[in-house]
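I have placed the structure first, in the form of structure tokens, so that the comments after it can refer back to it.
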Amino acid sequence: MLYDDEYVTREETPPSVLQFIKQRTRWNQGFLQVLGKREWMSLPSWNQRLLALYVLAFPLLQAVTMLYLPISIWMIFYARVPILVAMISSLPIYVLLMQLVVSLLGLHEFTKSHNLKTTPRAYLGLIAAYLPYQWLLGYAAIRAVWRQFRHVNTWEKTAHVGAHRVAGSAIAMPRTSSLLATEDLSHD
């Protein structure tokens with residue numbers, strides 16, 4: 001993940017966990033729909049196609065991982081399998097731990113690049129919230145896959161409370177690229 005101040009947008013955080021799940025379900029289902037259209041296969045390079053496949057298929061991978069994770073944990077404690085099988089069956093746990101490390105490094109780099117001070121409490125907060133957050137993302141991915149499988153394409157609108165508005169008008173942000181789309185920030 002790369003963060004560049006030049007391309008920051010203002011996005012309002014959903015006001016509740018239910019709204020967050022609906023938002024992420026919608027985003028994930030959109031990725032799956034684009035994946036199914038296969039237009040990404042016409043990208044000019046193999047690297048671009050591979051990256052598009054990874055990004056667009058990620059909700060499916062996340063849903064499968066979320067469903068497999070309890071089995072993996074059970075196998076760690078109760079299954080008597082060869083070492084290689086045990087190591088492979090524990091891959092979701094390794095991936096979660098690697099993502100946590102990357103998130104911690106990202107917090108460090110973000111605060112450093114913006115001359116902010118971070119405290120041990122910030123790192124502990126990230127660690128404490130990491131698994132519940134991943135469970136929410138996994139649940140939203142499962143919902144998206146299930147909705148896509150059943151051809152349920154109704155729009156689950158995300159409620160907004162207007163926190164990104166100032167005195168009833170959109171926050172003025174300089175447009176640094178003609179590639180950035182202009183849209184009404186009150187809808188997503």
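Ordered as shown in the structure tokens, chains take letters A, B, and onward, while each chain numbers its residues from 1 and ligands are numbered from 1 in the order shown.
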Hey, what does DSSP flag as helix (DSSP H, G or I) within chain A? Can you give it to me as an MDAnalysis selection string? chainID A and resid 5:7 17:37 39:42 46:78 83:89 91:113 120:149
So that I can check the surroundings of Ala128 in chain A, please list as a PyMOL selection string every protein, DNA and RNA residue that reaches within 12 Å of it, counting only C-alpha atoms and ignoring chain neighbours fewer than 6 positions away. chain A and resi 100+104+121-122+134
Would you save the residues from that selection as a JSON list (two decimals), in the first residue's frame, using N, CA and C atoms?
```json
[["chain", "number", "residue", "atom", "x", "y", "z"],
["A", 100, "LEU", "N", -0.53, -8.08, 10.17],
["A", 100, "LEU", "CA", -0.42, -7.28, 11.39],
["A", 100, "LEU", "C", 0.93, -6.56, 11.43],
["A", 104, "LEU", "N", 1.55, -2.52, 11.46],
["A", 104, "LEU", "CA", 2.36, -1.83, 12.46],
["A", 104, "LEU", "C", 3.46, -1.00, 11.80],
["A", 121, "ARG", "N", 0.83, 3.17, 23.13],
["A", 121, "ARG", "CA", -0.63, 2.96, 23.20],
["A", 121, "ARG", "C", -1.24, 2.84, 21.80],
["A", 122, "ALA", "N", -0.74, 3.61, 20.83],
["A", 122, "ALA", "CA", -1.24, 3.53, 19.46],
["A", 122, "ALA", "C", -0.97, 2.15, 18.86],
["A", 134, "GLN", "N", -10.38, -7.52, 11.21],
["A", 134, "GLN", "CA", -10.24, -8.54, 10.17],
["A", 134, "GLN", "C", -11.48, -9.43, 10.10]]
```
Pick out the residues sitting within 10 Å of Phe58 in chain A, and hand them over as a ChimeraX atom specification; count only C-alpha atoms, and ignore anything fewer than 4 positions along from it in its own chain. /A:28,31-32,52-54,62-64,141
Prev. selection, N, CA and C atoms, output as an mmCIF file, in the first residue's frame:
```cif
data_model
loop_
_atom_site.group_PDB
_atom_site.id
_atom_site.type_symbol
_atom_site.label_atom_id
_atom_site.label_comp_id
_atom_site.auth_asym_id
_atom_site.auth_seq_id
_atom_site.Cartn_x
_atom_site.Cartn_y
_atom_site.Cartn_z
ATOM 1 N N ASN A 28 -16.702 -5.141 -2.025
ATOM 2 C CA ASN A 28 -16.225 -6.479 -2.390
ATOM 3 C C ASN A 28 -17.037 -7.069 -3.523
ATOM 4 N N PHE A 31 -15.914 -5.628 -6.726
ATOM 5 C CA PHE A 31 -14.679 -6.264 -7.203
ATOM 6 C C PHE A 31 -14.992 -7.591 -7.895
ATOM 7 N N LEU A 32 -15.866 -8.382 -7.280
ATOM 8 C CA LEU A 32 -16.215 -9.684 -7.856
ATOM 9 C C LEU A 32 -16.928 -9.526 -9.195
ATOM 10 N N ALA A 52 -4.307 -7.159 -11.147
ATOM 11 C CA ALA A 52 -5.769 -7.010 -11.221
ATOM 12 C C ALA A 52 -6.461 -8.271 -10.713
ATOM 13 N N LEU A 53 -5.965 -9.429 -11.090
ATOM 14 C CA LEU A 53 -6.539 -10.688 -10.606
ATOM 15 C C LEU A 53 -6.464 -10.762 -9.089
ATOM 16 N N TYR A 54 -5.325 -10.416 -8.530
ATOM 17 C CA TYR A 54 -5.161 -10.453 -7.075
ATOM 18 C C TYR A 54 -6.138 -9.501 -6.390
ATOM 19 N N GLN A 62 -10.438 -13.740 0.731
ATOM 20 C CA GLN A 62 -10.692 -13.355 2.116
ATOM 21 C C GLN A 62 -11.844 -14.169 2.708
ATOM 22 N N ALA A 63 -12.881 -14.400 1.918
ATOM 23 C CA ALA A 63 -14.022 -15.192 2.396
ATOM 24 C C ALA A 63 -13.604 -16.630 2.669
ATOM 25 N N VAL A 64 -12.851 -17.220 1.761
ATOM 26 C CA VAL A 64 -12.393 -18.603 1.951
ATOM 27 C C VAL A 64 -11.487 -18.696 3.175
ATOM 28 N N ALA A 141 -16.728 -9.917 3.299
ATOM 29 C CA ALA A 141 -16.318 -10.666 2.106
ATOM 30 C C ALA A 141 -17.214 -11.887 1.900
#
```
Against range 12-27 of chain A, which residues of range 36-149 of chain A fall within 12 Å? For each one I want the closest pair of atoms and the distance in Å (one decimal), counting only C-alpha atoms, rows by chain and increasing residue number, as JSON lines.
```
{"residue": "A:Val55", "atom": "CA", "partner": "A:Trp27", "partner_atom": "CA", "distance": 11.7}
{"residue": "A:Leu56", "atom": "CA", "partner": "A:Trp27", "partner_atom": "CA", "distance": 10.3}
{"residue": "A:Phe58", "atom": "CA", "partner": "A:Trp27", "partner_atom": "CA", "distance": 11.2}
{"residue": "A:Pro59", "atom": "CA", "partner": "A:Thr25", "partner_atom": "CA", "distance": 9.0}
{"residue": "A:Leu60", "atom": "CA", "partner": "A:Thr25", "partner_atom": "CA", "distance": 11.5}
{"residue": "A:Gln62", "atom": "CA", "partner": "A:Thr25", "partner_atom": "CA", "distance": 11.9}
{"residue": "A:Ala63", "atom": "CA", "partner": "A:Thr25", "partner_atom": "CA", "distance": 11.1}
{"residue": "A:Pro132", "atom": "CA", "partner": "A:Val17", "partner_atom": "CA", "distance": 11.1}
{"residue": "A:Tyr133", "atom": "CA", "partner": "A:Val17", "partner_atom": "CA", "distance": 10.0}
{"residue": "A:Gln134", "atom": "CA", "partner": "A:Ile21", "partner_atom": "CA", "distance": 11.4}
{"residue": "A:Trp135", "atom": "CA", "partner": "A:Ile21", "partner_atom": "CA", "distance": 10.4}
{"residue": "A:Leu136", "atom": "CA", "partner": "A:Ile21", "partner_atom": "CA", "distance": 6.7}
{"residue": "A:Leu137", "atom": "CA", "partner": "A:Arg24", "partner_atom": "CA", "distance": 7.1}
{"residue": "A:Gly138", "atom": "CA", "partner": "A:Ile21", "partner_atom": "CA", "distance": 9.5}
{"residue": "A:Tyr139", "atom": "CA", "partner": "A:Ile21", "partner_atom": "CA", "distance": 7.6}
{"residue": "A:Ala140", "atom": "CA", "partner": "A:Thr25", "partner_atom": "CA", "distance": 4.7}
{"residue": "A:Ala141", "atom": "CA", "partner": "A:Thr25", "partner_atom": "CA", "distance": 6.0}
{"residue": "A:Ile142", "atom": "CA", "partner": "A:Thr25", "partner_atom": "CA", "distance": 8.2}
{"residue": "A:Arg143", "atom": "CA", "partner": "A:Thr25", "partner_atom": "CA", "distance": 6.1}
{"residue": "A:Ala144", "atom": "CA", "partner": "A:Thr25", "partner_atom": "CA", "distance": 4.9}
{"residue": "A:Val145", "atom": "CA", "partner": "A:Thr25", "partner_atom": "CA", "distance": 8.6}
{"residue": "A:Trp146", "atom": "CA", "partner": "A:Thr25", "partner_atom": "CA", "distance": 9.9}
{"residue": "A:Arg147", "atom": "CA", "partner": "A:Thr25", "partner_atom": "CA", "distance": 8.8}
{"residue": "A:Gln148", "atom": "CA", "partner": "A:Thr25", "partner_atom": "CA", "distance": 10.1}
```
Once you have the residues from the selection above, write them out as a PDB file, in the first residue's frame, restricted to N, CA and C atoms.
```pdb
ATOM      1  N   VAL A  55      -6.189  -8.252  -6.856  1.00  0.00           N
ATOM      2  CA  VAL A  55      -7.051  -7.241  -6.219  1.00  0.00           C
ATOM      3  C   VAL A  55      -8.518  -7.617  -6.361  1.00  0.00           C
ATOM      4  N   LEU A  56      -8.926  -8.007  -7.560  1.00  0.00           N
ATOM      5  CA  LEU A  56     -10.339  -8.282  -7.807  1.00  0.00           C
ATOM      6  C   LEU A  56     -10.801  -9.587  -7.169  1.00  0.00           C
ATOM      7  N   PHE A  58      -9.524 -10.776  -4.382  1.00  0.00           N
ATOM      8  CA  PHE A  58      -9.234 -10.750  -2.949  1.00  0.00           C
ATOM      9  C   PHE A  58     -10.458 -11.000  -2.075  1.00  0.00           C
ATOM     10  N   PRO A  59     -11.646 -10.450  -2.402  1.00  0.00           N
ATOM     11  CA  PRO A  59     -12.815 -10.773  -1.565  1.00  0.00           C
ATOM     12  C   PRO A  59     -13.101 -12.274  -1.496  1.00  0.00           C
ATOM     13  N   LEU A  60     -12.907 -12.965  -2.600  1.00  0.00           N
ATOM     14  CA  LEU A  60     -13.108 -14.413  -2.603  1.00  0.00           C
ATOM     15  C   LEU A  60     -12.059 -15.094  -1.730  1.00  0.00           C
ATOM     16  N   GLN A  62     -10.438 -13.740   0.731  1.00  0.00           N
ATOM     17  CA  GLN A  62     -10.692 -13.355   2.116  1.00  0.00           C
ATOM     18  C   GLN A  62     -11.844 -14.169   2.708  1.00  0.00           C
ATOM     19  N   ALA A  63     -12.881 -14.400   1.918  1.00  0.00           N
ATOM     20  CA  ALA A  63     -14.022 -15.192   2.396  1.00  0.00           C
ATOM     21  C   ALA A  63     -13.604 -16.630   2.669  1.00  0.00           C
ATOM     22  N   PRO A 132     -10.537  -8.151  15.521  1.00  0.00           N
ATOM     23  CA  PRO A 132     -11.951  -7.815  15.298  1.00  0.00           C
ATOM     24  C   PRO A 132     -12.188  -7.123  13.954  1.00  0.00           C
ATOM     25  N   TYR A 133     -11.279  -6.256  13.556  1.00  0.00           N
ATOM     26  CA  TYR A 133     -11.398  -5.576  12.266  1.00  0.00           C
ATOM     27  C   TYR A 133     -11.315  -6.589  11.124  1.00  0.00           C
ATOM     28  N   GLN A 134     -10.376  -7.521  11.210  1.00  0.00           N
ATOM     29  CA  GLN A 134     -10.241  -8.536  10.166  1.00  0.00           C
ATOM     30  C   GLN A 134     -11.483  -9.430  10.104  1.00  0.00           C
ATOM     31  N   TRP A 135     -12.074  -9.720  11.268  1.00  0.00           N
ATOM     32  CA  TRP A 135     -13.308 -10.518  11.277  1.00  0.00           C
ATOM     33  C   TRP A 135     -14.429  -9.777  10.566  1.00  0.00           C
ATOM     34  N   LEU A 136     -14.534  -8.465  10.802  1.00  0.00           N
ATOM     35  CA  LEU A 136     -15.552  -7.679  10.104  1.00  0.00           C
ATOM     36  C   LEU A 136     -15.316  -7.685   8.595  1.00  0.00           C
ATOM     37  N   LEU A 137     -14.061  -7.506   8.188  1.00  0.00           N
ATOM     38  CA  LEU A 137     -13.741  -7.543   6.760  1.00  0.00           C
ATOM     39  C   LEU A 137     -14.039  -8.923   6.172  1.00  0.00           C
ATOM     40  N   GLY A 138     -13.705  -9.965   6.924  1.00  0.00           N
ATOM     41  CA  GLY A 138     -13.978 -11.325   6.460  1.00  0.00           C
ATOM     42  C   GLY A 138     -15.469 -11.591   6.340  1.00  0.00           C
ATOM     43  N   TYR A 139     -16.236 -11.130   7.309  1.00  0.00           N
ATOM     44  CA  TYR A 139     -17.686 -11.298   7.260  1.00  0.00           C
ATOM     45  C   TYR A 139     -18.272 -10.568   6.050  1.00  0.00           C
ATOM     46  N   ALA A 140     -17.795  -9.344   5.805  1.00  0.00           N
ATOM     47  CA  ALA A 140     -18.267  -8.594   4.644  1.00  0.00           C
ATOM     48  C   ALA A 140     -17.901  -9.309   3.345  1.00  0.00           C
ATOM     49  N   ALA A 141     -16.728  -9.917   3.299  1.00  0.00           N
ATOM     50  CA  ALA A 141     -16.318 -10.666   2.106  1.00  0.00           C
ATOM     51  C   ALA A 141     -17.214 -11.887   1.900  1.00  0.00           C
ATOM     52  N   ILE A 142     -17.521 -12.588   2.983  1.00  0.00           N
ATOM     53  CA  ILE A 142     -18.420 -13.751   2.885  1.00  0.00           C
ATOM     54  C   ILE A 142     -19.786 -13.292   2.376  1.00  0.00           C
ATOM     55  N   ARG A 143     -20.293 -12.190   2.921  1.00  0.00           N
ATOM     56  CA  ARG A 143     -21.591 -11.652   2.464  1.00  0.00           C
ATOM     57  C   ARG A 143     -21.546 -11.321   0.979  1.00  0.00           C
ATOM     58  N   ALA A 144     -20.456 -10.702   0.535  1.00  0.00           N
ATOM     59  CA  ALA A 144     -20.337 -10.306  -0.872  1.00  0.00           C
ATOM     60  C   ALA A 144     -20.316 -11.528  -1.782  1.00  0.00           C
ATOM     61  N   VAL A 145     -19.547 -12.537  -1.408  1.00  0.00           N
ATOM     62  CA  VAL A 145     -19.485 -13.760  -2.220  1.00  0.00           C
ATOM     63  C   VAL A 145     -20.855 -14.427  -2.254  1.00  0.00           C
ATOM     64  N   TRP A 146     -21.519 -14.489  -1.115  1.00  0.00           N
ATOM     65  CA  TRP A 146     -22.840 -15.115  -1.037  1.00  0.00           C
ATOM     66  C   TRP A 146     -23.858 -14.347  -1.878  1.00  0.00           C
ATOM     67  N   ARG A 147     -23.830 -13.025  -1.779  1.00  0.00           N
ATOM     68  CA  ARG A 147     -24.746 -12.203  -2.572  1.00  0.00           C
ATOM     69  C   ARG A 147     -24.462 -12.370  -4.069  1.00  0.00           C
ATOM     70  N   GLN A 148     -23.202 -12.393  -4.428  1.00  0.00           N
ATOM     71  CA  GLN A 148     -22.838 -12.545  -5.845  1.00  0.00           C
ATOM     72  C   GLN A 148     -23.245 -13.926  -6.354  1.00  0.00           C
TER      73      GLN A 148
END
```
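Using only C-alpha atoms, the nearest neighbour of Trp155 in chain A within the list A:Gly106, A:Gly30, A:Pro70, A:Pro120 is A:Gly30.
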Rounded to one decimal in Å, what is the spacing between CA of Arg10 in chain A and CA of Ser103 in chain A?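 Spanning CA of Arg10 in chain A to CA of Ser103 in chain A is a straight-line distance of 21.1 Å.
Comparing the minimum interatomic distances between Ile71 in chain A and each of A:Ile83, A:Leu43, A:Ile93, A:Ala57, counting only C-alpha atoms, we find that A:Ile93 sits nearest.
Going from CA of Val95 in chain A to CA of Leu131 in chain A covers 12.2 Å.
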Residues flagged strand (DSSP E) by DSSP in chain A, as an mmCIF file with N, CA and C atoms, in the first residue's frame:
```cif
data_model
loop_
_atom_site.group_PDB
_atom_site.id
_atom_site.type_symbol
_atom_site.label_atom_id
_atom_site.label_comp_id
_atom_site.auth_asym_id
_atom_site.auth_seq_id
_atom_site.Cartn_x
_atom_site.Cartn_y
_atom_site.Cartn_z
ATOM 1 N N ARG A 165 -18.474 17.359 5.927
ATOM 2 C CA ARG A 165 -19.015 18.633 5.438
ATOM 3 C C ARG A 165 -18.675 19.755 6.414
ATOM 4 N N VAL A 166 -18.470 20.931 5.891
ATOM 5 C CA VAL A 166 -18.243 22.111 6.718
ATOM 6 C C VAL A 166 -19.307 23.131 6.334
ATOM 7 N N SER A 169 -21.367 22.693 3.072
ATOM 8 C CA SER A 169 -20.764 22.571 1.747
ATOM 9 C C SER A 169 -19.581 21.630 1.822
ATOM 10 N N ALA A 170 -19.218 21.082 0.677
ATOM 11 C CA ALA A 170 -18.108 20.136 0.628
ATOM 12 C C ALA A 170 -16.808 20.830 0.987
#
```
CA of His151 in chain A and CA of Arg38 in chain A, how far apart in Å? 17.3 Å
